[in-house]
Amino acid sequence: MTALSLLLLAVSAASALAESTVYFREQFEDGGLQTSQDARFYALSTRFDDFSNQGQPLVIQFTVKHEQSIDCGGGYIKLFPSEVSQEDMHGDSVYNIMFGPDICGPGTKKVHVIFNYKGKNHLINKDVRCKDDEYTHLYTLIVSPDNTYEVKIDNKKVESGNLEDDWDFLPPKKIKDPEAKKPEDWDDREKIPDPDDKKPEDWDKPENIPDPDAKKPDDWDDEMDGEWEPPMVTNPDYKGEWKPREISNPAYKGKWIHPEIDNPEYTADSEIYKYDSIGVIGLDLWQVKSGTIFDNFLITNDPNVAEEVGNDTWGKTKDAEKKMKESQEEEERKKREEEDKKRRDEAKEEDEEEEEEKDEEEEEEEEEEGEEREEEEEEEEEEEEEDEGTDSKLKDEL
């Protein structure tokens, strides 16, 4: 085979590897998949053509919107091998990758990036913070064939690194030499007590002493109360435990560092990133408070395609969503103000009505009191007239 043929073959192979492929894409016309019941598990999955990400990037992307102001619940997806049984899928079903936000109270607001490696699930060693507001957010995970990764939120990188460094897939490359021991004469004390420093003769004083100002009460009876003793007070001359001053240790050799050797159990793996079978994507999560919306699912081998899809979906709606949200909040604010004003007006009217009723009651009481006074006056006049009539009659009789 000629050099030109080899060159053409290499170019063809590179072109084939560089070809963009979308393995799965789902965008719901009705606004996405939304959880609808509080305090329950959700298990929903769909199957697509099986593939392997060997030798190419793996890009997982989707949007999440916690419309319900979530306080505890998952917002992540799982990628499964094709052999998984969708009908029997549950929390312990073997998956390849788990990726997405998880919120539970103020202490847990993170992005899960979990890989299954040789039958064991490995969590990322970094804290990747997720969004916890009520807007839609775009989550993207890129796993590259050079064993590097990148996490993006809203098409902006929030974390990246090397798979071997940020997960405990492999045992450490180096371990402490089990045969090495610190020499017995190794002095790692940077400071030592000064051997020439002596404790002053007047140093030792009691911490507490009898109060010199205390006086025996006049009514103290030694026979009844026992022998009087003054109360104890802190000794102003007490200096505490004496310690010699410290000086630099002339025999100091520095901190002893345990020598390391190559770990015989370590074996490099250039294909940590690789999965032989990827064929099912699913939601397998628990939510205390439902209402989360999932949409714009994408699995591809091209990070650029994922970014473009993100801009064409989430990117085109984010500003309108924010504007609508702000408009709703403004309407709710006005509504609250109107309700508050209505309550204040009603309370004011009630107060005025109560005041009017009180005034009417006082007027009625005054009228009643006036009538009673008039009746009393009339009765008094009648009594006086009767008394006068009686007196006149007696006079006539006399």
# chains A, B, ... in the order shown; residues from 1 in each chain; ligands from 1
>>> select_by_dssp(residues="segment 130-362 of chain A", states="strand (DSSP E)", output="ChimeraX atom specification")
/A:136-143,148-153,156-162,174-176,191-193,208-210,232-234,246-248,260-262,278-287,292-300
>>> residues_around(residues="segment 43-51 of chain A", least_positions_apart="2", cutoff="8 Å", atoms="only C-alpha atoms", output="PDB file with N, CA, C and O atoms, in the first residue's frame")
ATOM      1  N   TYR A  23     -27.706  10.173  19.148  1.00  0.00           N
ATOM      2  CA  TYR A  23     -28.218   8.842  19.485  1.00  0.00           C
ATOM      3  C   TYR A  23     -29.655   8.907  20.024  1.00  0.00           C
ATOM      4  O   TYR A  23     -30.428   7.965  19.841  1.00  0.00           O
ATOM      5  N   PHE A  24     -29.957  10.029  20.672  1.00  0.00           N
ATOM      6  CA  PHE A  24     -31.310  10.158  21.219  1.00  0.00           C
ATOM      7  C   PHE A  24     -31.620  11.634  21.391  1.00  0.00           C
ATOM      8  O   PHE A  24     -30.786  12.423  21.834  1.00  0.00           O
ATOM      9  N   PHE A  41     -41.765   7.774  44.514  1.00  0.00           N
ATOM     10  CA  PHE A  41     -40.707   7.438  43.565  1.00  0.00           C
ATOM     11  C   PHE A  41     -41.256   7.527  42.149  1.00  0.00           C
ATOM     12  O   PHE A  41     -42.432   7.249  41.898  1.00  0.00           O
ATOM     13  N   ASN A  53     -19.601   4.298  23.428  1.00  0.00           N
ATOM     14  CA  ASN A  53     -18.894   5.576  23.285  1.00  0.00           C
ATOM     15  C   ASN A  53     -17.392   5.390  23.153  1.00  0.00           C
ATOM     16  O   ASN A  53     -16.627   6.350  23.312  1.00  0.00           O
ATOM     17  N   PRO A  81     -27.368   0.388  30.398  1.00  0.00           N
ATOM     18  CA  PRO A  81     -27.024  -0.511  29.297  1.00  0.00           C
ATOM     19  C   PRO A  81     -28.309  -1.091  28.708  1.00  0.00           C
ATOM     20  O   PRO A  81     -29.364  -1.099  29.352  1.00  0.00           O
ATOM     21  N   SER A  82     -28.226  -1.585  27.494  1.00  0.00           N
ATOM     22  CA  SER A  82     -29.421  -2.085  26.803  1.00  0.00           C
ATOM     23  C   SER A  82     -30.048  -3.279  27.503  1.00  0.00           C
ATOM     24  O   SER A  82     -31.239  -3.540  27.348  1.00  0.00           O
ATOM     25  N   GLN A  86     -36.753  -2.562  31.512  1.00  0.00           N
ATOM     26  CA  GLN A  86     -37.491  -1.345  31.817  1.00  0.00           C
ATOM     27  C   GLN A  86     -38.676  -1.618  32.742  1.00  0.00           C
ATOM     28  O   GLN A  86     -39.010  -0.797  33.589  1.00  0.00           O
ATOM     29  N   MET A  89     -37.364  -1.872  36.309  1.00  0.00           N
ATOM     30  CA  MET A  89     -36.385  -0.856  36.700  1.00  0.00           C
ATOM     31  C   MET A  89     -36.715  -0.285  38.074  1.00  0.00           C
ATOM     32  O   MET A  89     -37.867   0.038  38.372  1.00  0.00           O
ATOM     33  N   HIS A  90     -35.687  -0.184  38.933  1.00  0.00           N
ATOM     34  CA  HIS A  90     -35.861   0.352  40.276  1.00  0.00           C
ATOM     35  C   HIS A  90     -34.556   1.006  40.708  1.00  0.00           C
ATOM     36  O   HIS A  90     -33.600   1.106  39.924  1.00  0.00           O
ATOM     37  N   ASP A 276     -19.527  -0.145  26.928  1.00  0.00           N
ATOM     38  CA  ASP A 276     -19.755  -0.973  25.740  1.00  0.00           C
ATOM     39  C   ASP A 276     -21.196  -0.924  25.269  1.00  0.00           C
ATOM     40  O   ASP A 276     -21.473  -1.129  24.083  1.00  0.00           O
ATOM     41  N   SER A 277     -22.118  -0.674  26.188  1.00  0.00           N
ATOM     42  CA  SER A 277     -23.541  -0.682  25.836  1.00  0.00           C
ATOM     43  C   SER A 277     -24.269   0.467  26.514  1.00  0.00           C
ATOM     44  O   SER A 277     -24.279   0.573  27.736  1.00  0.00           O
ATOM     45  N   ILE A 278     -24.869   1.327  25.689  1.00  0.00           N
ATOM     46  CA  ILE A 278     -25.740   2.411  26.173  1.00  0.00           C
ATOM     47  C   ILE A 278     -26.993   2.349  25.316  1.00  0.00           C
ATOM     48  O   ILE A 278     -26.922   2.504  24.096  1.00  0.00           O
ATOM     49  N   GLY A 279     -28.147   2.108  25.951  1.00  0.00           N
ATOM     50  CA  GLY A 279     -29.351   1.930  25.134  1.00  0.00           C
ATOM     51  C   GLY A 279     -30.652   2.354  25.793  1.00  0.00           C
ATOM     52  O   GLY A 279     -31.716   2.267  25.170  1.00  0.00           O
ATOM     53  N   VAL A 280     -30.602   2.845  27.051  1.00  0.00           N
ATOM     54  CA  VAL A 280     -31.827   3.253  27.750  1.00  0.00           C
ATOM     55  C   VAL A 280     -31.524   4.511  28.559  1.00  0.00           C
ATOM     56  O   VAL A 280     -30.499   4.599  29.224  1.00  0.00           O
ATOM     57  N   ILE A 281     -32.444   5.466  28.485  1.00  0.00           N
ATOM     58  CA  ILE A 281     -32.361   6.654  29.334  1.00  0.00           C
ATOM     59  C   ILE A 281     -33.610   6.690  30.201  1.00  0.00           C
ATOM     60  O   ILE A 281     -34.706   6.345  29.748  1.00  0.00           O
ATOM     61  N   GLY A 282     -33.445   7.056  31.463  1.00  0.00           N
ATOM     62  CA  GLY A 282     -34.600   7.013  32.342  1.00  0.00           C
ATOM     63  C   GLY A 282     -34.525   7.993  33.492  1.00  0.00           C
ATOM     64  O   GLY A 282     -33.456   8.508  33.846  1.00  0.00           O
ATOM     65  N   LEU A 283     -35.689   8.262  34.057  1.00  0.00           N
ATOM     66  CA  LEU A 283     -35.816   9.009  35.299  1.00  0.00           C
ATOM     67  C   LEU A 283     -36.106   7.998  36.398  1.00  0.00           C
ATOM     68  O   LEU A 283     -37.099   7.270  36.324  1.00  0.00           O
ATOM     69  N   ASP A 284     -35.247   7.942  37.364  1.00  0.00           N
ATOM     70  CA  ASP A 284     -35.411   7.007  38.480  1.00  0.00           C
ATOM     71  C   ASP A 284     -35.070   7.790  39.740  1.00  0.00           C
ATOM     72  O   ASP A 284     -33.915   7.849  40.165  1.00  0.00           O
ATOM     73  N   LEU A 285     -36.095   8.433  40.318  1.00  0.00           N
ATOM     74  CA  LEU A 285     -35.821   9.397  41.382  1.00  0.00           C
ATOM     75  C   LEU A 285     -36.970   9.483  42.384  1.00  0.00           C
ATOM     76  O   LEU A 285     -38.059   8.960  42.154  1.00  0.00           O
TER      77      LEU A 285
END
>>> atom_distance(atom1="atom CA of Ile153 of chain A", atom2="atom CA of Asp166 of chain A")
18.7 Å
>>> select_by_dssp(residues="segment 189-286 of chain A", states="alpha helix (DSSP H)", output="VMD selection string")
chain A and resid 222 to 225
>>> atom_distance(atom1="atom CA of Asp38 of chain A", atom2="atom CA of Ile60 of chain A")
27.3 Å
>>> atom_distance(atom1="atom CA of Glu332 of chain A", atom2="atom CA of His137 of chain A")
23.6 Å
